[in-house]
>>> print(open('input_36.cif').read())   # mmCIF, C-alpha atoms and all ligand atoms
data_input
#
loop_
_atom_site.label_atom_id
_atom_site.label_comp_id
_atom_site.auth_asym_id
_atom_site.auth_seq_id
_atom_site.Cartn_x
_atom_site.Cartn_y
_atom_site.Cartn_z
CA MET O 1 -24.31 6.22 -2.54
CA ALA O 2 -26.49 7.89 0.09
CA HIS O 3 -30.23 8.07 0.68
CA TYR O 4 -31.77 11.35 1.85
CA ALA O 5 -35.31 11.76 3.15
CA ILE O 6 -36.57 15.31 2.63
CA GLY O 7 -39.50 17.04 4.35
CA ASP O 8 -42.50 18.78 2.80
CA ILE O 9 -41.28 20.91 -0.13
CA GLN O 10 -44.64 22.65 -0.77
CA GLY O 11 -43.63 24.47 -3.91
CA CYS O 12 -40.38 25.81 -2.42
CA PHE O 13 -38.18 25.10 -5.43
CA GLU O 14 -35.35 27.48 -4.62
CA PRO O 15 -34.77 26.20 -1.05
CA LEU O 16 -34.87 22.65 -2.46
CA GLN O 17 -32.06 23.51 -4.86
CA ARG O 18 -30.02 25.02 -2.02
CA LEU O 19 -30.58 21.91 0.09
CA LEU O 20 -29.47 19.62 -2.75
CA ARG O 21 -26.29 21.68 -3.13
CA LEU O 22 -25.68 21.51 0.63
CA ILE O 23 -25.82 17.70 0.61
CA HIS O 24 -23.88 17.49 -2.69
CA PHE O 25 -26.73 15.47 -4.15
CA ASN O 26 -25.52 13.37 -7.06
CA PRO O 27 -28.47 12.00 -9.09
CA ASP O 28 -26.21 9.32 -10.57
CA GLN O 29 -25.44 7.86 -7.15
CA ASP O 30 -27.78 9.17 -4.46
CA GLN O 31 -31.49 8.66 -3.87
CA LEU O 32 -34.00 11.21 -2.58
CA TRP O 33 -37.01 10.11 -0.55
CA LEU O 34 -39.71 12.80 -0.46
CA VAL O 35 -42.45 12.66 2.17
CA GLY O 36 -45.06 14.32 -0.05
CA ASP O 37 -46.80 17.69 -0.17
CA LEU O 38 -44.56 18.59 -3.06
CA VAL O 39 -46.88 21.41 -4.11
CA ASN O 40 -48.95 24.31 -2.70
CA ARG O 41 -48.23 27.07 -0.15
CA GLY O 42 -44.94 27.95 -1.87
CA SER O 43 -44.92 29.76 -5.21
CA GLN O 44 -42.98 27.38 -7.47
CA SER O 45 -44.99 24.16 -7.53
CA ALA O 46 -44.53 23.69 -11.30
CA SER O 47 -40.75 24.05 -11.05
CA VAL O 48 -40.63 21.47 -8.24
CA LEU O 49 -42.55 18.82 -10.20
CA ARG O 50 -40.74 19.56 -13.46
CA PHE O 51 -37.38 19.16 -11.75
CA LEU O 52 -38.32 15.91 -9.99
CA LYS O 53 -39.64 14.45 -13.22
CA THR O 54 -36.23 14.97 -14.88
CA LEU O 55 -34.37 12.92 -12.26
CA PRO O 56 -33.29 9.42 -13.24
CA HIS O 57 -35.72 6.80 -11.96
CA HIS O 58 -33.31 5.34 -9.40
CA ALA O 59 -32.65 8.77 -7.86
CA LEU O 60 -36.16 9.47 -6.56
CA ARG O 61 -38.81 7.91 -4.33
CA VAL O 62 -41.93 9.95 -3.61
CA VAL O 63 -45.05 9.39 -1.53
CA LEU O 64 -48.21 11.46 -1.97
CA GLY O 65 -49.42 14.03 0.55
CA ASN O 66 -52.79 15.66 1.13
CA HIS O 67 -51.77 18.82 -0.75
CA ASP O 68 -50.74 16.73 -3.74
CA LEU O 69 -54.15 15.05 -3.88
CA HIS O 70 -55.88 18.39 -3.32
CA PHE O 71 -53.98 19.88 -6.25
CA LEU O 72 -55.00 16.95 -8.46
CA ALA O 73 -58.66 17.37 -7.46
CA VAL O 74 -58.51 21.06 -8.47
CA ALA O 75 -56.55 20.36 -11.66
CA TYR O 76 -59.13 17.76 -12.73
CA LYS O 77 -61.85 20.38 -12.02
CA LEU O 78 -63.50 18.29 -9.31
CA ILE O 79 -63.37 21.06 -6.72
CA PRO O 80 -62.58 24.80 -6.89
CA MET O 81 -59.21 26.20 -5.90
CA GLY O 82 -59.17 27.31 -2.25
CA LYS O 83 -58.33 30.86 -1.24
CA ASN O 84 -55.02 29.75 0.33
CA ASP O 85 -53.94 27.61 -2.61
CA THR O 86 -50.86 28.84 -4.45
CA PHE O 87 -50.48 26.38 -7.32
CA GLN O 88 -51.75 28.71 -10.03
CA ASP O 89 -48.39 28.35 -11.82
CA LEU O 90 -48.95 24.62 -12.06
CA LEU O 91 -52.57 24.93 -13.23
CA GLU O 92 -51.40 27.24 -16.03
CA ALA O 93 -48.26 25.29 -16.92
CA PRO O 94 -48.06 24.14 -20.56
CA ASP O 95 -46.94 20.73 -19.31
CA ARG O 96 -49.55 20.47 -16.55
CA ASP O 97 -51.17 17.34 -17.94
CA VAL O 98 -47.96 15.31 -17.91
CA LEU O 99 -47.06 16.68 -14.47
CA CYS O 100 -50.51 15.71 -13.14
CA GLU O 101 -50.16 12.22 -14.59
CA TRP O 102 -46.70 11.84 -13.10
CA LEU O 103 -47.97 12.93 -9.69
CA ARG O 104 -51.02 10.66 -9.82
CA GLN O 105 -48.83 7.61 -10.41
CA GLN O 106 -46.83 8.15 -7.21
CA PRO O 107 -47.53 5.75 -4.33
CA VAL O 108 -48.79 6.37 -0.81
CA LEU O 109 -46.06 4.39 0.96
CA HIS O 110 -42.45 3.54 0.24
CA TYR O 111 -40.15 1.16 2.09
CA ASP O 112 -36.74 -0.40 1.80
CA LYS O 113 -36.29 -3.61 3.75
CA LYS O 114 -32.52 -3.49 3.57
CA LEU O 115 -32.32 0.07 4.89
CA ASN O 116 -35.19 -0.79 7.28
CA TYR O 117 -37.12 2.44 6.63
CA VAL O 118 -40.76 2.99 5.72
CA MET O 119 -42.10 6.38 4.60
CA THR O 120 -45.59 7.86 4.30
CA HIS O 121 -46.83 11.45 4.38
CA ALA O 122 -48.51 11.65 7.81
CA GLY O 123 -47.53 8.40 9.51
CA ILE O 124 -48.83 4.88 10.01
CA LEU O 125 -51.91 4.04 12.05
CA PRO O 126 -50.62 2.53 15.34
CA ALA O 127 -52.99 -0.45 15.02
CA TRP O 128 -51.51 -1.54 11.70
CA THR O 129 -48.64 -3.94 11.23
CA PHE O 130 -46.13 -3.23 8.47
CA GLU O 131 -47.92 -5.81 6.30
CA ASP O 132 -51.28 -4.11 6.97
CA ALA O 133 -49.83 -0.71 6.03
CA VAL O 134 -48.35 -2.02 2.76
CA LYS O 135 -51.64 -3.73 1.87
CA HIS O 136 -53.80 -0.68 2.65
CA ALA O 137 -51.46 1.71 0.84
CA GLU O 138 -51.79 -0.49 -2.22
CA GLU O 139 -55.58 -0.12 -2.04
CA ILE O 140 -55.16 3.65 -2.48
CA ASN O 141 -52.46 3.30 -5.14
CA THR O 142 -54.73 1.00 -7.12
CA VAL O 143 -57.75 3.30 -7.17
CA LEU O 144 -55.70 6.43 -7.96
CA ARG O 145 -54.11 4.63 -10.92
CA SER O 146 -57.44 3.22 -12.13
CA ALA O 147 -59.92 4.71 -14.59
CA SER O 148 -62.07 5.84 -11.64
CA TYR O 149 -59.42 8.16 -10.19
CA THR O 150 -61.64 11.24 -10.41
CA ASP O 151 -64.35 9.43 -8.44
CA ALA O 152 -61.72 8.49 -5.88
CA LEU O 153 -60.34 12.01 -5.51
CA LEU O 154 -63.85 13.29 -4.79
CA HIS O 155 -64.79 10.55 -2.35
CA LEU O 156 -61.58 10.71 -0.34
CA TYR O 157 -62.63 14.10 1.09
CA GLY O 158 -64.15 14.02 4.59
CA ASP O 159 -63.26 13.16 8.19
CA MET O 160 -65.41 10.07 8.69
CA PRO O 161 -65.24 7.23 9.48
CA ASP O 162 -62.70 7.86 12.24
CA HIS O 163 -62.43 4.28 13.60
CA TRP O 164 -60.60 1.55 11.71
CA ASP O 165 -62.50 -1.62 11.08
CA GLU O 166 -61.19 -4.30 8.73
CA ASN O 167 -64.82 -4.77 7.62
CA LEU O 168 -65.10 -1.22 6.24
CA ARG O 169 -65.83 -1.32 2.53
CA GLY O 170 -66.04 1.03 -0.46
CA TRP O 171 -65.27 4.73 -0.18
CA GLU O 172 -65.54 4.68 3.61
CA ARG O 173 -62.72 2.18 3.79
CA LEU O 174 -60.54 4.09 1.31
CA ARG O 175 -61.29 7.42 3.00
CA PHE O 176 -60.16 6.10 6.36
CA ILE O 177 -57.00 4.59 4.90
CA ASN O 178 -56.18 7.75 3.00
CA ASN O 179 -56.80 9.98 6.02
CA SER O 180 -54.47 7.79 8.09
CA PHE O 181 -51.65 8.03 5.59
CA MET O 182 -52.08 11.67 4.61
CA ARG O 183 -53.84 13.70 7.33
CA MET O 184 -53.33 11.97 10.70
CA ARG O 185 -51.82 13.95 13.59
CA PHE O 186 -53.68 13.28 16.84
CA CYS O 187 -55.45 10.09 17.78
CA ARG O 188 -57.78 9.39 20.66
CA PRO O 189 -56.68 6.98 23.40
CA ASP O 190 -58.68 4.22 21.66
CA GLY O 191 -56.58 4.69 18.52
CA SER O 192 -59.26 6.43 16.45
CA LEU O 193 -58.39 9.45 14.29
CA ASP O 194 -59.09 12.93 15.63
CA LEU O 195 -58.77 14.95 12.43
CA ALA O 196 -60.74 17.95 13.69
CA PHE O 197 -58.43 18.69 16.61
CA LYS O 198 -56.08 21.53 15.71
CA GLY O 199 -54.12 21.94 18.94
CA LYS O 200 -50.37 22.28 19.00
CA PRO O 201 -48.28 19.30 20.12
CA GLY O 202 -47.58 19.54 23.83
CA GLN O 203 -50.65 21.70 24.44
CA GLN O 204 -53.25 19.04 23.82
CA THR O 205 -55.59 17.77 26.49
CA ALA O 206 -55.53 14.18 27.72
CA GLY O 207 -57.92 12.93 25.04
CA HIS O 208 -55.59 13.80 22.16
CA ILE O 209 -52.38 11.88 21.63
CA PRO O 210 -49.90 12.30 18.76
CA TRP O 211 -50.22 9.08 16.72
CA PHE O 212 -46.59 8.14 17.34
CA HIS O 213 -47.05 8.16 21.14
CA LEU O 214 -49.71 5.44 21.09
CA PRO O 215 -48.58 1.81 21.46
CA ARG O 216 -47.90 0.65 17.91
CA LYS O 217 -47.48 -2.57 15.98
CA ILE O 218 -44.45 -1.46 13.97
CA THR O 219 -41.54 -1.46 16.39
CA ASN O 220 -38.65 -2.84 14.37
CA MET O 221 -38.58 -0.38 11.45
CA GLN O 222 -37.68 3.30 11.21
CA ILE O 223 -40.72 5.39 10.21
CA LEU O 224 -40.34 8.62 8.19
CA PHE O 225 -43.13 11.17 7.85
CA GLY O 226 -43.83 14.85 7.16
CA HIS O 227 -47.14 16.76 7.26
CA TRP O 228 -46.83 18.17 10.79
CA ALA O 229 -44.75 21.34 10.70
CA ALA O 230 -45.59 22.27 14.30
CA LEU O 231 -43.46 19.33 15.49
CA ASN O 232 -40.46 21.13 14.00
CA GLY O 233 -38.84 17.80 13.19
CA GLU O 234 -39.02 16.32 16.69
CA THR O 235 -41.05 13.43 18.09
CA ASP O 236 -39.05 12.28 21.15
CA GLU O 237 -39.83 8.78 19.94
CA PRO O 238 -36.94 6.52 18.89
CA GLY O 239 -37.29 5.35 15.31
CA ILE O 240 -40.00 7.89 14.39
CA HIS O 241 -38.59 10.66 12.23
CA ALA O 242 -40.56 13.88 11.63
CA LEU O 243 -39.23 15.74 8.60
CA ASP O 244 -41.59 18.67 7.99
CA THR O 245 -39.77 21.69 9.38
CA GLY O 246 -42.07 24.32 7.87
CA CYS O 247 -40.20 25.39 4.76
CA ALA O 248 -43.27 27.09 3.32
CA TRP O 249 -43.78 29.03 6.57
CA GLY O 250 -40.34 30.64 6.55
CA HIS O 251 -38.71 27.96 8.69
CA THR O 252 -36.43 25.35 7.18
CA LEU O 253 -36.30 22.53 4.67
CA THR O 254 -34.69 19.42 6.13
CA ALA O 255 -32.97 16.36 4.71
CA MET O 256 -32.03 13.34 6.81
CA ARG O 257 -29.37 10.95 5.51
CA LEU O 258 -30.80 7.51 6.15
CA GLU O 259 -27.43 5.81 6.59
CA ASP O 260 -26.44 7.80 9.69
CA GLN O 261 -29.57 9.89 10.46
CA LYS O 262 -27.57 13.09 10.16
CA ARG O 263 -29.79 16.06 9.38
CA PHE O 264 -29.11 18.94 6.99
CA SER O 265 -31.28 22.02 6.63
CA VAL O 266 -31.56 25.29 4.75
CA GLN O 267 -33.65 28.38 5.34
CA GLY O 268 -37.03 28.19 3.61
CA ASN O 269 -38.86 30.91 1.78
CA LEU O 270 -39.37 34.09 3.80
MN MN F 1 -49.65 17.47 4.58
#
>>> encode(input="input_36.cif", output="C-alpha cells")
Amino acid sequence: MAHYAIGDIQGCFEPLQRLLRLIHFNPDQDQLWLVGDLVNRGSQSASVLRFLKTLPHHALRVVLGNHDLHFLAVAYKLIPMGKNDTFQDLLEAPDRDVLCEWLRQQPVLHYDKKLNYVMTHAGILPAWTFEDAVKHAEEINTVLRSASYTDALLHLYGDMPDHWDENLRGWERLRFINNSFMRMRFCRPDGSLDLAFKGKPGQQTAGHIPWFHLPRKITNMQILFGHWAALNGETDEPGIHALDTGCAWGHTLTAMRLEDQKRFSVQGNL
C-alpha cells in the first residue's frame, strides 16, 4: 500500500488518468491525497469529480481549495460565473447536485499521525500549532456542512481581516481562517496575510515573505500544500512540500509518494 499526494488537478481529467497509470494506482490498496482545486481552469471538471466519487472510501482523501469553494458559490447561484471560469460542464451536468454535495462535504485539512503528514490547500498559518490548525479547520468544515452553508460561502469572500486574533468572531473569524487555508501565499514579517500581493516568489520585496519561510509552530510534521503554481513544486524548506506544478497552465501534474517522497509527474493540458 502506498499513499500519493497529488497537486492541483483543476479539471485536468486526462492528465490525472495518465498520472494514475504512471504510478500504477491501485484503488484497492493505495490512497490518494488531493490538495484541492479539483475543478476550474481545465475543461473536464465534471469528469474529475465523477471519477473521484467512484473511488472506494479508503482510497481517497481530499481537502478543499479556493476554486472548489468558488465553484460551489456559482453552482448555488450566490455569485455569477467569472469570465475565466471553465466549469460550465459541471454546472450543466445531470449529476451536478450530487457532485456539489459530495464536494461540500470534503474537509479543509487532512492529517495522518502515523505517516506524520498534514495537508491543506494553501498551507498553515505560521503562528498556528498543529492543534490550532485542526481546530480552526473544523470551524470551516462545520459551517460548510451546516444548513447555513450558502451564507458561509458568501461571507467567506474578501481579504480582511488580515491579522489573526484568537478573539475574532463570526464571519470575520471564519474568513481569516478560510483565507489562511485556501488563499495564503505571502505573509508580512509580522505574520499577517498579504493576499493582495501578486509578485512571483523570489522577486518579492523585503516586506513579503512566502508563508513557509516565516518561523513556524509546526516543526515536527511534514506539510503538503498546492495552490501556488509559480513555486513549481519547490520551497527550499525541509518538510514543506509544494505540489501544484501548474497542470492547468500546460506544465505538469505531480504526485509525491508519501512513504519515500519520490515524485512522479506527467505533462498537463497544452
Ligand atoms: Mn488555489
>>> residues_around(input="input_36.cif", residues="region 34-44 of chain O", least_positions_apart="2", cutoff="8 Å", atoms="all atoms listed in the file", output="compact mmCIF listing (two decimals) with C-alpha atoms, in the frame of the given file")
# COMPACT_ATOMS: atom_id res chain seq x y z
CA ALA O 5 -35.31 11.76 3.15
CA ILE O 6 -36.57 15.31 2.63
CA GLY O 7 -39.50 17.04 4.35
CA ASP O 8 -42.50 18.78 2.80
CA ILE O 9 -41.28 20.91 -0.13
CA GLN O 10 -44.64 22.65 -0.77
CA GLY O 11 -43.63 24.47 -3.91
CA CYS O 12 -40.38 25.81 -2.42
CA PHE O 13 -38.18 25.10 -5.43
CA LEU O 32 -34.00 11.21 -2.58
CA ALA O 46 -44.53 23.69 -11.30
CA SER O 47 -40.75 24.05 -11.05
CA VAL O 48 -40.63 21.47 -8.24
CA LEU O 49 -42.55 18.82 -10.20
CA LEU O 60 -36.16 9.47 -6.56
CA ARG O 61 -38.81 7.91 -4.33
CA VAL O 62 -41.93 9.95 -3.61
CA VAL O 63 -45.05 9.39 -1.53
CA LEU O 64 -48.21 11.46 -1.97
CA GLY O 65 -49.42 14.03 0.55
CA ASN O 66 -52.79 15.66 1.13
CA HIS O 67 -51.77 18.82 -0.75
CA ASP O 68 -50.74 16.73 -3.74
CA PHE O 71 -53.98 19.88 -6.25
CA ASN O 84 -55.02 29.75 0.33
CA ASP O 85 -53.94 27.61 -2.61
CA THR O 86 -50.86 28.84 -4.45
CA PHE O 87 -50.48 26.38 -7.32
CA ASP O 89 -48.39 28.35 -11.82
CA MET O 119 -42.10 6.38 4.60
CA THR O 120 -45.59 7.86 4.30
CA HIS O 121 -46.83 11.45 4.38
CA LEU O 224 -40.34 8.62 8.19
CA PHE O 225 -43.13 11.17 7.85
CA GLY O 226 -43.83 14.85 7.16
CA HIS O 227 -47.14 16.76 7.26
CA LEU O 243 -39.23 15.74 8.60
CA ALA O 248 -43.27 27.09 3.32
CA ASN O 269 -38.86 30.91 1.78
>>> residues_around(input="input_36.cif", residues="Gly170 (chain O)", least_positions_apart="2", cutoff="12 Å", atoms="all atoms listed in the file", output="compact mmCIF listing (two decimals) with C-alpha atoms, in the coordinates of the input")
# COMPACT_ATOMS: atom_id res chain seq x y z
CA GLU O 139 -55.58 -0.12 -2.04
CA ILE O 140 -55.16 3.65 -2.48
CA VAL O 143 -57.75 3.30 -7.17
CA ASP O 151 -64.35 9.43 -8.44
CA ALA O 152 -61.72 8.49 -5.88
CA HIS O 155 -64.79 10.55 -2.35
CA LEU O 156 -61.58 10.71 -0.34
CA PRO O 161 -65.24 7.23 9.48
CA GLU O 166 -61.19 -4.30 8.73
CA ASN O 167 -64.82 -4.77 7.62
CA LEU O 168 -65.10 -1.22 6.24
CA GLU O 172 -65.54 4.68 3.61
CA ARG O 173 -62.72 2.18 3.79
CA LEU O 174 -60.54 4.09 1.31
CA ARG O 175 -61.29 7.42 3.00
CA PHE O 176 -60.16 6.10 6.36
CA ILE O 177 -57.00 4.59 4.90
>>> closest_residue(input="input_36.cif", among="O:Leu193, O:Arg104, O:Gln31, O:Leu231", to="Ala147 (chain O)", atoms="all atoms listed in the file")
O:Arg104
>>> residues_near_point(input="input_36.cif", point="(-49.9, 2.9, 15.4)", cutoff="7 Å", atoms="only C-alpha atoms", output="tab-separated table (two decimals) with C-alpha atoms, keeping the file's coordinate frame")
chain	number	residue	atom	x	y	z
O	124	ILE	CA	-48.83	4.88	10.01
O	125	LEU	CA	-51.91	4.04	12.05
O	126	PRO	CA	-50.62	2.53	15.34
O	127	ALA	CA	-52.99	-0.45	15.02
O	128	TRP	CA	-51.51	-1.54	11.70
O	211	TRP	CA	-50.22	9.08	16.72
O	212	PHE	CA	-46.59	8.14	17.34
O	214	LEU	CA	-49.71	5.44	21.09
O	215	PRO	CA	-48.58	1.81	21.46
O	216	ARG	CA	-47.90	0.65	17.91
O	217	LYS	CA	-47.48	-2.57	15.98
>>> atom_distance(input="input_36.cif", atom1="CA of Glu138 (chain O)", atom2="CA of Lys198 (chain O)")
28.7 Å
>>> atom_distance(input="input_36.cif", atom1="CA of Ser45 (chain O)", atom2="CA of Ile79 (chain O)")
18.7 Å
>>> residues_around(input="input_36.cif", residues="Arg185 (chain O)", least_positions_apart="3", cutoff="10 Å", atoms="all atoms listed in the file", output="list in words")
Ala122, Gly123, Asn179, Ser180, Phe181, Met182, Leu193, Asp194, Leu195, Ala196, Phe197, Lys198, Gly199, Pro201, His208, Ile209, Pro210, Trp211, Phe212, His227 and Trp228 of chain O
>>> write_last_selection(input="input_36.cif", atoms="C-alpha atoms", output="CSV table (one decimal), in the frame of the given file")
chain,number,residue,atom,x,y,z
O,122,ALA,CA,-48.5,11.6,7.8
O,123,GLY,CA,-47.5,8.4,9.5
O,179,ASN,CA,-56.8,10.0,6.0
O,180,SER,CA,-54.5,7.8,8.1
O,181,PHE,CA,-51.6,8.0,5.6
O,182,MET,CA,-52.1,11.7,4.6
O,193,LEU,CA,-58.4,9.4,14.3
O,194,ASP,CA,-59.1,12.9,15.6
O,195,LEU,CA,-58.8,15.0,12.4
O,196,ALA,CA,-60.7,18.0,13.7
O,197,PHE,CA,-58.4,18.7,16.6
O,198,LYS,CA,-56.1,21.5,15.7
O,199,GLY,CA,-54.1,21.9,18.9
O,201,PRO,CA,-48.3,19.3,20.1
O,208,HIS,CA,-55.6,13.8,22.2
O,209,ILE,CA,-52.4,11.9,21.6
O,210,PRO,CA,-49.9,12.3,18.8
O,211,TRP,CA,-50.2,9.1,16.7
O,212,PHE,CA,-46.6,8.1,17.3
O,227,HIS,CA,-47.1,16.8,7.3
O,228,TRP,CA,-46.8,18.2,10.8
>>> atom_distance(input="input_36.cif", atom1="CA of Gly250 (chain O)", atom2="CA of Trp102 (chain O)")
27.9 Å
>>> closest_residue(input="input_36.cif", among="O:Leu69, O:Met81, O:Ile240, O:Leu90", to="ligand MN 1 (chain F)", atoms="only C-alpha atoms and all ligand atoms")
O:Leu69
>>> closest_residue(input="input_36.cif", among="O:Thr245, O:Thr205, O:Ser265, O:Thr219", to="ligand MN 1 (chain F)", atoms="all atoms listed in the file")
O:Thr245
>>> residues_around(input="input_36.cif", residues="Thr150 (chain O)", least_positions_apart="3", cutoff="8 Å", atoms="all atoms listed in the file", output="list in words")
Ala73, Tyr76, Leu78, Ala147, Leu153 and Leu154 of chain O
>>> write_last_selection(input="input_36.cif", atoms="C-alpha atoms", output="compact mmCIF listing (two decimals), keeping the file's coordinate frame")
# COMPACT_ATOMS: atom_id res chain seq x y z
CA ALA O 73 -58.66 17.37 -7.46
CA TYR O 76 -59.13 17.76 -12.73
CA LEU O 78 -63.50 18.29 -9.31
CA ALA O 147 -59.92 4.71 -14.59
CA LEU O 153 -60.34 12.01 -5.51
CA LEU O 154 -63.85 13.29 -4.79
>>> closest_residue(input="input_36.cif", among="O:Arg183, O:Arg145, O:Ala137, O:Met221", to="ligand MN 1 (chain F)", atoms="all atoms listed in the file")
O:Arg183
>>> closest_residue(input="input_36.cif", among="O:Ser192, O:Asn178, O:Gln222, O:Ser148", to="ligand MN 1 (chain F)", atoms="all atoms listed in the file")
O:Asn178
>>> closest_residue(input="input_36.cif", among="O:Ala229, O:Leu55, O:Leu103, O:Leu115", to="ligand MN 1 (chain F)", atoms="all atoms listed in the file")
O:Ala229
